[in-house]
Structure formats: C-alpha cells, structure tokens
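The file structure14.pdb contains PDB, C-alpha atoms, pLDDT in the B column:
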```pdb
MODEL        1
ATOM      1  CA  GLY A   1      54.151 -88.611  38.442  1.00 81.00           C
ATOM      2  CA  GLU A   2      55.786 -85.545  39.862  1.00 87.00           C
ATOM      3  CA  ASN A   3      59.520 -84.981  39.440  1.00 92.00           C
ATOM      4  CA  VAL A   4      61.460 -82.425  41.475  1.00 95.00           C
ATOM      5  CA  GLU A   5      64.945 -81.282  40.514  1.00 96.00           C
ATOM      6  CA  GLN A   6      67.065 -79.395  43.064  1.00 97.00           C
ATOM      7  CA  HIS A   7      70.252 -77.393  42.548  1.00 97.00           C
ATOM      8  CA  PRO A   8      72.970 -77.085  43.628  1.00 97.00           C
ATOM      9  CA  SER A   9      73.765 -80.331  45.424  1.00 96.00           C
ATOM     10  CA  THR A  10      76.338 -78.557  47.603  1.00 97.00           C
ATOM     11  CA  LEU A  11      76.720 -74.888  48.464  1.00 98.00           C
ATOM     12  CA  SER A  12      79.483 -73.252  50.469  1.00 98.00           C
ATOM     13  CA  VAL A  13      79.160 -69.663  51.652  1.00 97.00           C
ATOM     14  CA  GLN A  14      80.860 -67.351  54.123  1.00 98.00           C
ATOM     15  CA  GLU A  15      79.004 -66.309  57.243  1.00 97.00           C
ATOM     16  CA  GLY A  16      76.868 -63.285  56.479  1.00 97.00           C
ATOM     17  CA  ASP A  17      76.492 -64.075  52.784  1.00 97.00           C
ATOM     18  CA  SER A  18      73.196 -65.041  51.175  1.00 98.00           C
ATOM     19  CA  ALA A  19      72.386 -68.538  49.939  1.00 98.00           C
ATOM     20  CA  VAL A  20      69.936 -69.498  47.215  1.00 98.00           C
ATOM     21  CA  ILE A  21      68.679 -72.998  46.452  1.00 98.00           C
ATOM     22  CA  LYS A  22      66.520 -73.632  43.405  1.00 98.00           C
ATOM     23  CA  CYS A  23      63.990 -76.328  42.547  1.00 98.00           C
ATOM     24  CA  THR A  24      61.916 -77.121  39.503  1.00 97.00           C
ATOM     25  CA  TYR A  25      58.878 -79.372  39.342  1.00 96.00           C
ATOM     26  CA  SER A  26      57.114 -81.123  36.494  1.00 95.00           C
ATOM     27  CA  ASP A  27      53.437 -81.468  37.457  1.00 93.00           C
ATOM     28  CA  SER A  28      51.543 -78.242  36.843  1.00 92.00           C
ATOM     29  CA  ALA A  29      48.836 -79.483  39.255  1.00 90.00           C
ATOM     30  CA  SER A  30      51.235 -79.252  42.217  1.00 92.00           C
ATOM     31  CA  ASN A  31      50.167 -76.489  44.562  1.00 90.00           C
ATOM     32  CA  TYR A  32      52.089 -76.956  47.799  1.00 90.00           C
ATOM     33  CA  PHE A  33      55.855 -76.429  48.116  1.00 93.00           C
ATOM     34  CA  PRO A  34      57.513 -76.952  51.505  1.00 93.00           C
ATOM     35  CA  TRP A  35      61.185 -76.647  52.399  1.00 96.00           C
ATOM     36  CA  TYR A  36      62.779 -78.884  55.022  1.00 95.00           C
ATOM     37  CA  LYS A  37      66.048 -78.526  56.918  1.00 97.00           C
ATOM     38  CA  GLN A  38      67.772 -81.680  58.077  1.00 96.00           C
ATOM     39  CA  GLU A  39      70.717 -81.640  60.434  1.00 95.00           C
ATOM     40  CA  LEU A  40      73.029 -84.621  60.608  1.00 92.00           C
ATOM     41  CA  GLY A  41      71.290 -87.603  62.183  1.00 91.00           C
ATOM     42  CA  LYS A  42      68.050 -85.711  62.729  1.00 94.00           C
ATOM     43  CA  ARG A  43      64.594 -85.697  61.179  1.00 95.00           C
ATOM     44  CA  PRO A  44      63.598 -83.236  58.441  1.00 94.00           C
ATOM     45  CA  GLN A  45      62.063 -80.114  59.942  1.00 94.00           C
ATOM     46  CA  LEU A  46      59.745 -77.807  58.040  1.00 93.00           C
ATOM     47  CA  ILE A  47      61.228 -74.308  57.808  1.00 95.00           C
ATOM     48  CA  ILE A  48      58.892 -72.612  55.375  1.00 95.00           C
ATOM     49  CA  ASP A  49      56.267 -73.480  52.809  1.00 92.00           C
ATOM     50  CA  ILE A  50      54.367 -71.753  50.043  1.00 91.00           C
ATOM     51  CA  ARG A  51      51.130 -72.444  48.258  1.00 87.00           C
ATOM     52  CA  SER A  52      50.400 -71.721  44.638  1.00 81.00           C
ATOM     53  CA  ASN A  53      48.202 -68.738  45.314  1.00 80.00           C
ATOM     54  CA  VAL A  54      51.201 -66.870  46.745  1.00 80.00           C
ATOM     55  CA  GLY A  55      54.317 -65.673  44.889  1.00 90.00           C
ATOM     56  CA  GLU A  56      56.598 -65.021  47.853  1.00 94.00           C
ATOM     57  CA  LYS A  57      56.692 -65.693  51.561  1.00 94.00           C
ATOM     58  CA  LYS A  58      59.168 -64.486  54.171  1.00 96.00           C
ATOM     59  CA  ASP A  59      59.997 -65.560  57.698  1.00 94.00           C
ATOM     60  CA  GLN A  60      62.843 -63.536  59.210  1.00 96.00           C
ATOM     61  CA  ARG A  61      66.020 -64.495  57.292  1.00 97.00           C
ATOM     62  CA  ILE A  62      64.281 -67.075  55.130  1.00 98.00           C
ATOM     63  CA  ALA A  63      62.174 -66.456  52.056  1.00 97.00           C
ATOM     64  CA  VAL A  64      60.664 -68.634  49.367  1.00 97.00           C
ATOM     65  CA  THR A  65      59.599 -67.525  45.905  1.00 96.00           C
ATOM     66  CA  LEU A  66      57.379 -69.372  43.460  1.00 96.00           C
ATOM     67  CA  ASN A  67      57.034 -68.968  39.709  1.00 94.00           C
ATOM     68  CA  LYS A  68      54.132 -71.163  38.617  1.00 92.00           C
ATOM     69  CA  THR A  69      54.514 -70.313  34.946  1.00 93.00           C
ATOM     70  CA  ALA A  70      58.102 -71.534  34.895  1.00 94.00           C
ATOM     71  CA  LYS A  71      57.391 -74.253  37.478  1.00 95.00           C
ATOM     72  CA  HIS A  72      60.224 -73.344  39.774  1.00 95.00           C
ATOM     73  CA  PHE A  73      60.607 -72.193  43.340  1.00 97.00           C
ATOM     74  CA  SER A  74      63.579 -71.029  45.359  1.00 98.00           C
ATOM     75  CA  LEU A  75      64.751 -70.777  48.961  1.00 98.00           C
ATOM     76  CA  HIS A  76      66.652 -67.650  49.963  1.00 98.00           C
ATOM     77  CA  ILE A  77      68.593 -67.419  53.219  1.00 98.00           C
ATOM     78  CA  THR A  78      70.085 -64.032  54.074  1.00 97.00           C
ATOM     79  CA  GLU A  79      72.796 -63.221  56.611  1.00 98.00           C
ATOM     80  CA  THR A  80      73.769 -66.865  56.871  1.00 98.00           C
ATOM     81  CA  GLN A  81      75.100 -68.225  60.158  1.00 97.00           C
ATOM     82  CA  PRO A  82      77.095 -71.394  60.923  1.00 96.00           C
ATOM     83  CA  GLU A  83      73.988 -72.950  62.456  1.00 96.00           C
ATOM     84  CA  ASP A  84      72.318 -72.746  59.048  1.00 97.00           C
ATOM     85  CA  SER A  85      74.684 -75.507  57.918  1.00 98.00           C
ATOM     86  CA  ALA A  86      72.521 -78.524  57.083  1.00 97.00           C
ATOM     87  CA  VAL A  87      70.918 -80.367  54.191  1.00 97.00           C
ATOM     88  CA  TYR A  88      67.919 -78.578  52.710  1.00 97.00           C
ATOM     89  CA  PHE A  89      65.187 -80.376  50.784  1.00 96.00           C
ATOM     90  CA  CYS A  90      62.511 -78.905  48.596  1.00 96.00           C
ATOM     91  CA  ALA A  91      59.323 -80.816  47.912  1.00 94.00           C
ATOM     92  CA  ALA A  92      56.165 -80.521  45.884  1.00 93.00           C
ATOM     93  CA  SER A  93      52.721 -82.014  46.138  1.00 88.00           C
ATOM     94  CA  ILE A  94      49.126 -81.687  45.148  1.00 81.00           C
ATOM     95  CA  ASN A  95      47.536 -80.678  48.402  1.00 69.00           C
ATOM     96  CA  SER A  96      43.897 -81.557  48.283  1.00 62.00           C
ATOM     97  CA  GLY A  97      43.529 -81.989  52.014  1.00 63.00           C
ATOM     98  CA  TYR A  98      46.498 -84.278  52.388  1.00 71.00           C
ATOM     99  CA  SER A  99      49.891 -84.382  50.730  1.00 72.00           C
ATOM    100  CA  THR A 100      52.268 -87.050  49.607  1.00 81.00           C
ATOM    101  CA  LEU A 101      55.470 -85.218  48.997  1.00 87.00           C
ATOM    102  CA  THR A 102      57.915 -85.631  46.132  1.00 91.00           C
ATOM    103  CA  PHE A 103      61.317 -84.468  47.338  1.00 92.00           C
ATOM    104  CA  GLY A 104      64.312 -83.032  45.598  1.00 95.00           C
ATOM    105  CA  LYS A 105      67.611 -84.762  46.271  1.00 95.00           C
ATOM    106  CA  GLY A 106      68.811 -82.159  48.715  1.00 96.00           C
ATOM    107  CA  THR A 107      71.385 -79.383  48.998  1.00 97.00           C
ATOM    108  CA  MET A 108      74.157 -79.539  51.558  1.00 97.00           C
ATOM    109  CA  LEU A 109      74.741 -75.985  52.765  1.00 98.00           C
ATOM    110  CA  LEU A 110      78.000 -75.236  54.558  1.00 98.00           C
ATOM    111  CA  VAL A 111      78.386 -71.839  56.193  1.00 97.00           C
ATOM    112  CA  SER A 112      81.972 -71.050  57.154  1.00 96.00           C
ATOM    113  CA  PRO A 113      82.721 -68.617  59.998  1.00 92.00           C
TER     114      PRO A 113
ATOM    115  CA  ASN B 114      52.431 -85.117  73.864  1.00 52.00           C
ATOM    116  CA  ALA B 115      55.026 -87.307  72.144  1.00 65.00           C
ATOM    117  CA  GLY B 116      54.080 -86.379  68.566  1.00 89.00           C
ATOM    118  CA  VAL B 117      55.347 -89.074  66.192  1.00 93.00           C
ATOM    119  CA  THR B 118      57.194 -92.001  67.790  1.00 95.00           C
ATOM    120  CA  GLN B 119      59.193 -94.518  65.791  1.00 97.00           C
ATOM    121  CA  THR B 120      60.694 -97.746  67.081  1.00 97.00           C
ATOM    122  CA  PRO B 121      63.268 -99.148  66.906  1.00 97.00           C
ATOM    123  CA  LYS B 122      65.743 -96.351  66.297  1.00 96.00           C
ATOM    124  CA  PHE B 123      68.474 -98.729  65.130  1.00 97.00           C
ATOM    125  CA  GLN B 124      68.232-102.273  63.790  1.00 97.00           C
ATOM    126  CA  VAL B 125      70.540-104.737  62.065  1.00 97.00           C
ATOM    127  CA  LEU B 126      68.912-107.553  60.122  1.00 97.00           C
ATOM    128  CA  LYS B 127      70.204-110.505  58.220  1.00 97.00           C
ATOM    129  CA  THR B 128      69.142-110.985  54.614  1.00 98.00           C
ATOM    130  CA  GLY B 129      65.845-112.837  54.503  1.00 97.00           C
ATOM    131  CA  GLN B 130      64.694-111.890  57.978  1.00 97.00           C
ATOM    132  CA  SER B 131      61.428-110.057  58.519  1.00 96.00           C
ATOM    133  CA  MET B 132      60.699-107.239  60.884  1.00 96.00           C
ATOM    134  CA  THR B 133      58.250-104.437  61.627  1.00 98.00           C
ATOM    135  CA  LEU B 134      59.030-100.764  62.080  1.00 98.00           C
ATOM    136  CA  GLN B 135      56.520 -99.181  64.414  1.00 98.00           C
ATOM    137  CA  CYS B 136      55.048 -95.697  64.081  1.00 98.00           C
ATOM    138  CA  ALA B 137      52.644 -94.208  66.579  1.00 97.00           C
ATOM    139  CA  GLN B 138      51.181 -90.708  66.762  1.00 95.00           C
ATOM    140  CA  ASP B 139      49.162 -88.947  69.415  1.00 92.00           C
ATOM    141  CA  MET B 140      48.109 -85.916  67.374  1.00 89.00           C
ATOM    142  CA  ASN B 141      44.930 -87.512  66.024  1.00 89.00           C
ATOM    143  CA  HIS B 142      46.206 -86.958  62.492  1.00 91.00           C
ATOM    144  CA  GLU B 143      44.258 -88.614  59.728  1.00 91.00           C
ATOM    145  CA  TYR B 144      47.143 -89.095  57.339  1.00 93.00           C
ATOM    146  CA  MET B 145      50.260 -91.176  57.882  1.00 95.00           C
ATOM    147  CA  SER B 146      53.035 -92.208  55.538  1.00 95.00           C
ATOM    148  CA  TRP B 147      56.414 -93.898  55.358  1.00 97.00           C
ATOM    149  CA  TYR B 148      59.447 -92.526  53.515  1.00 96.00           C
ATOM    150  CA  ARG B 149      62.897 -93.950  53.056  1.00 97.00           C
ATOM    151  CA  GLN B 150      66.001 -91.807  52.772  1.00 96.00           C
ATOM    152  CA  ASP B 151      69.096 -92.937  50.923  1.00 94.00           C
ATOM    153  CA  PRO B 152      72.288 -90.918  50.335  1.00 85.00           C
ATOM    154  CA  GLY B 153      71.882 -88.523  47.416  1.00 80.00           C
ATOM    155  CA  MET B 154      68.276 -89.625  46.815  1.00 81.00           C
ATOM    156  CA  GLY B 155      66.213 -87.405  49.045  1.00 86.00           C
ATOM    157  CA  LEU B 156      63.170 -88.998  50.655  1.00 93.00           C
ATOM    158  CA  ARG B 157      60.972 -91.372  48.704  1.00 94.00           C
ATOM    159  CA  LEU B 158      57.435 -92.383  49.582  1.00 93.00           C
ATOM    160  CA  ILE B 159      56.890 -96.084  50.338  1.00 96.00           C
ATOM    161  CA  HIS B 160      53.245 -96.322  51.480  1.00 96.00           C
ATOM    162  CA  TYR B 161      50.662 -93.969  52.857  1.00 94.00           C
ATOM    163  CA  SER B 162      47.276 -94.015  54.560  1.00 95.00           C
ATOM    164  CA  VAL B 163      44.495 -91.442  54.547  1.00 92.00           C
ATOM    165  CA  GLY B 164      42.662 -93.063  57.448  1.00 92.00           C
ATOM    166  CA  ALA B 165      42.097 -96.230  59.417  1.00 93.00           C
ATOM    167  CA  GLY B 166      41.533 -99.185  57.114  1.00 94.00           C
ATOM    168  CA  ILE B 167      42.868 -97.393  54.016  1.00 94.00           C
ATOM    169  CA  THR B 168      46.382 -97.726  52.603  1.00 96.00           C
ATOM    170  CA  ASP B 169      47.978 -97.062  49.246  1.00 94.00           C
ATOM    171  CA  GLN B 170      51.323 -97.452  47.519  1.00 94.00           C
ATOM    172  CA  GLY B 171      53.852 -94.723  47.014  1.00 92.00           C
ATOM    173  CA  GLU B 172      56.874 -94.506  44.742  1.00 91.00           C
ATOM    174  CA  VAL B 173      58.879 -97.465  46.131  1.00 95.00           C
ATOM    175  CA  PRO B 174      56.460 -99.996  47.712  1.00 97.00           C
ATOM    176  CA  ASN B 175      58.100-103.286  46.698  1.00 96.00           C
ATOM    177  CA  GLY B 176      59.239-105.420  49.616  1.00 96.00           C
ATOM    178  CA  TYR B 177      57.103-103.578  52.162  1.00 97.00           C
ATOM    179  CA  ASN B 178      53.623-104.052  53.630  1.00 97.00           C
ATOM    180  CA  VAL B 179      51.563-101.698  55.760  1.00 97.00           C
ATOM    181  CA  SER B 180      48.276-101.751  57.624  1.00 96.00           C
ATOM    182  CA  ARG B 181      46.256 -99.106  59.433  1.00 97.00           C
ATOM    183  CA  SER B 182      43.946-100.716  61.944  1.00 96.00           C
ATOM    184  CA  THR B 183      43.839 -97.631  64.182  1.00 96.00           C
ATOM    185  CA  THR B 184      44.269 -93.905  63.673  1.00 94.00           C
ATOM    186  CA  GLU B 185      47.321 -93.888  65.941  1.00 96.00           C
ATOM    187  CA  ASP B 186      49.452 -96.682  64.460  1.00 97.00           C
ATOM    188  CA  PHE B 187      50.954 -97.311  61.039  1.00 98.00           C
ATOM    189  CA  PRO B 188      53.491-100.167  61.100  1.00 98.00           C
ATOM    190  CA  LEU B 189      55.800-100.901  58.174  1.00 98.00           C
ATOM    191  CA  ARG B 190      56.661-104.548  57.592  1.00 98.00           C
ATOM    192  CA  LEU B 191      59.694-105.826  55.743  1.00 96.00           C
ATOM    193  CA  LEU B 192      58.732-109.279  54.533  1.00 91.00           C
ATOM    194  CA  SER B 193      62.150-110.658  53.566  1.00 96.00           C
ATOM    195  CA  ALA B 194      64.889-108.108  54.148  1.00 96.00           C
ATOM    196  CA  ALA B 195      67.396-107.405  51.371  1.00 97.00           C
ATOM    197  CA  PRO B 196      70.612-105.322  51.467  1.00 97.00           C
ATOM    198  CA  SER B 197      68.884-102.817  49.145  1.00 96.00           C
ATOM    199  CA  GLN B 198      66.534-102.022  52.023  1.00 97.00           C
ATOM    200  CA  THR B 199      69.382-100.640  54.101  1.00 97.00           C
ATOM    201  CA  SER B 200      68.183 -97.108  54.654  1.00 97.00           C
ATOM    202  CA  VAL B 201      66.813 -94.583  57.092  1.00 97.00           C
ATOM    203  CA  TYR B 202      63.044 -94.797  57.422  1.00 98.00           C
ATOM    204  CA  PHE B 203      60.868 -91.874  58.422  1.00 97.00           C
ATOM    205  CA  CYS B 204      57.243 -92.023  59.417  1.00 97.00           C
ATOM    206  CA  ALA B 205      55.243 -88.848  58.784  1.00 94.00           C
ATOM    207  CA  THR B 206      51.831 -87.626  59.856  1.00 93.00           C
ATOM    208  CA  GLN B 207      49.542 -84.855  58.720  1.00 89.00           C
ATOM    209  CA  GLY B 208      46.213 -83.612  59.927  1.00 84.00           C
ATOM    210  CA  ALA B 209      43.773 -80.758  59.778  1.00 78.00           C
ATOM    211  CA  SER B 210      44.310 -80.114  63.499  1.00 77.00           C
ATOM    212  CA  SER B 211      47.895 -79.029  62.689  1.00 76.00           C
ATOM    213  CA  GLY B 212      47.115 -77.029  59.567  1.00 73.00           C
ATOM    214  CA  ASN B 213      48.032 -79.983  57.366  1.00 75.00           C
ATOM    215  CA  THR B 214      51.726 -79.492  58.111  1.00 82.00           C
ATOM    216  CA  ILE B 215      53.648 -82.747  57.685  1.00 87.00           C
ATOM    217  CA  TYR B 216      55.553 -83.900  60.761  1.00 89.00           C
ATOM    218  CA  PHE B 217      58.295 -86.509  60.668  1.00 93.00           C
ATOM    219  CA  GLY B 218      59.278 -89.020  63.310  1.00 95.00           C
ATOM    220  CA  GLU B 219      62.889 -89.231  64.452  1.00 95.00           C
ATOM    221  CA  GLY B 220      63.760 -91.978  61.988  1.00 96.00           C
ATOM    222  CA  SER B 221      64.739 -95.637  62.117  1.00 97.00           C
ATOM    223  CA  TRP B 222      68.202 -96.658  60.903  1.00 97.00           C
ATOM    224  CA  LEU B 223      68.062-100.103  59.318  1.00 97.00           C
ATOM    225  CA  THR B 224      71.038-102.111  58.114  1.00 97.00           C
ATOM    226  CA  VAL B 225      70.552-105.400  56.256  1.00 97.00           C
ATOM    227  CA  VAL B 226      73.656-107.583  56.070  1.00 97.00           C
TER     228      VAL B 226
ENDMDL
END
```
Re-express the file's structure as structure tokens.
Amino acid sequence: GENVEQHPSTLSVQEGDSAVIKCTYSDSASNYFPWYKQELGKRPQLIIDIRSNVGEKKDQRIAVTLNKTAKHFSLHITETQPEDSAVYFCAASINSGYSTLTFGKGTMLLVSP
Amino acid sequence: NAGVTQTPKFQVLKTGQSMTLQCAQDMNHEYMSWYRQDPGMGLRLIHYSVGAGITDQGEVPNGYNVSRSTTEDFPLRLLSAAPSQTSVYFCATQGASSGNTIYFGEGSWLTVV
C-alpha cells in the first residue's frame, strides 16, 4: 500500500518568514495530494490540494508543488502569521472518483510573533 | 445544512464494553469513511464505504465493525473496547456534488480505561 513520509515533524519560524513542509510518497499510481491544517482540538481542514497533472498550485500565501518523477510534494507558506500555527498533514491517494487518504504523520508549525 | 455530524463528542468506556460512534451527513455524499488519529501517527483509515450496502476495510480495521444501510449514516461499532482503541475518531465524507473534496466531522474523543 501507499506510504507517506512527512518532514519535519516540528517547525518553528518567526512571523513573516516562509515555511516549507515536505512529503514523499511510495505509490506511483497516486494522483491526488491534499494538505490539511488542524488546529488544537479541531477537525482537519483542507487548505490546498494538487492533482498529478499539475506541477504547482497557489492560493494567496499558500502554494503546493509536486514532482511526480521524484514522488515528492511540498507545502510552502509565505509571510507566516501567528494564526498559521497548527499541525499540517499531507496525504496521498489514488483518486478514481473517490479517495481513501494515506496521511503523513504531521508537522507542528509554530509561528512566533 | 449541518454537513458531517458525529456523536458523541466525548466518551469514556471500560475495557470490554461495546459502543457505537454515529456519523450522519446531509450532503448526499456517496463516500464515507472512518479514520482514527493518534499522537504522532497522523490519521489512519479504519473502514470506508462507497455507497449504501457496500463497506470495505482500511489500514486498521481490527476491533471495529461498520454498516451502511442508508446514504446518510455510517456508524462505527467497537465490539469489545480495548485501551489501544483510545483515540480521536473522525468520520469523513466525499461526493461529486462537492468536487470530491473530503470533509471531516468534528471528531469523537474516546477513552478506554
């Protein structure tokens, strides 16, 4: 089955800096890669996703890049703010109409004012 | 429109007891699934369903049963609770009407003593 590795497990940055979280996956058939943000005690919320026919996708301060050859994808957050502090999860799946996600173990991002 | 509703939100069980976590959705999504979240482990798939009357096992199905008699409901049953089942449980739904984005319920915190 699919295996997703996520690094780093914790990341501390100063407000205004950029943050990068990286994930690798094992199943070359995976074609859907969402990123979730989870605040303490809350549910995971989708923040951005990318499909394998796209190399990069941006949404304001958030961007995701995908390298299918190397089987890795990354989340980039620019101009970080304290409210970006949360746990971020990457996931991968074979999306053939529905998806069962395989998650990375998460990255705790702490943005200090 | 409530989205995905999970009950109960918190539950304490004694070892050996059985219980059912309820999940209901009003988005007419075809696909529903259950994940458990443990510290440092990300989210892991327990069971999933692609439609009424159809269920299948995920990564960690042992100790759990599911059924899908209606499109709206997907209960998760713990047959004989064990301390290893102490976790946070998330129900998720996905459907073509929402662009196949996966939505999570608010979670159910279960402690087995």
Checklist entry - If we count all atoms listed in the file, what is near Leu192 of chain B at a cut-off of 12 Å, once residues fewer than 2 positions away on the same chain are taken out, given as a list in words? => result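 Final neighbour list, sorted by chain and number: Leu126, Thr128, Gly129, Gln130, Ser131, Met132, Thr133, Leu134, Pro174, Asn175, Gly176, Tyr177, Asn178, Val179, Leu189, Arg190, Ala194, Ala195 and Gln198 of chain B.
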Next on the checklist: Can you spell out as a VMD selection string the set of residues that the ChimeraX specification (/B :<6) & /A selects in the structure I just provided?
Outcome noted: chain A and resid 43 103 to 106
Item to check | Who sits within 6 Å of segment 10-24 of chain A, all atoms listed in the file, same chain under 6 positions skipped, as a list in words | outcome: Val4, Lys71, His72, Phe73, Ser74, Leu75, His76, Ile77, Thr78, Glu79, Thr80, Gln81, Thr107, Met108, Leu109, Leu110, Val111, Ser112 and Pro113 of chain A
Next on the checklist: With distances taken over only C-alpha atoms, which residue among B:Gln170, B:Gln119, B:Ser210, B:Gln124 lies nearest Pro188 of chain B?
Outcome noted: B:Gln119
Next on the checklist: Going by the chain IDs and residue numbers used in this file, which residues fall under the PyMOL selection byres ((chain A and resi 50) around 8)? Write them as a PyMOL selection string.
Outcome noted: chain A and resi 32-34+48-49+51-52+54-57+64-66
Next on the checklist: Here is a test: counting all atoms listed in the file, which residue of A:Ser99, A:Trp35, A:Ile94, A:Gln45 is nearest to Ile62 of chain A?
Outcome noted: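 Going through A:Ser99, A:Trp35, A:Ile94, A:Gln45 one by one, the smallest distance to Ile62 of chain A is for A:Trp35.
Here atom CA of Ser193 of chain B and atom CA of Val226 of chain B stand 12.2 Å from one another.
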Checklist entry - Between A:Ala86, A:Thr69, A:Ala92, A:Tyr98, which has the minimum distance to Gln38 of chain A (counting all atoms listed in the file)? => result A:Ala86
Item to check | Selected residue, from B:Ile159, B:Lys127, B:Met140, B:Thr120, that lies nearest to Val225 of chain B when counting all atoms listed in the file | outcome: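 Under the stated criterion, the closest residue is B:Lys127.
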Next on the checklist: One number please: atom CA of Ala137 of chain B to atom CA of Gly116 of chain B, in Å, one decimal.
Outcome noted: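 So the answer is 8.2 Å.
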Checklist entry - By how many Å are atom CA of Glu83 of chain A and atom CA of Thr100 of chain A apart? => result 28.9 Å
Next on the checklist: Within 7 Å of (46.0, -101.5, 57.1) in the file's own coordinates, which protein, DNA or RNA residues have an atom, counting only C-alpha atoms? List them as a list in words.
Outcome noted: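 Every polymer residue passing the test: Ala165, Gly166, Ile167, Thr168, Val179, Ser180, Arg181 and Ser182 of chain B.
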Item to check | Nearest candidate to Phe123 of chain B (options A:Asn53, A:Gly41, A:Ser28, A:Thr102; using all atoms listed in the file) | outcome: A:Gly41
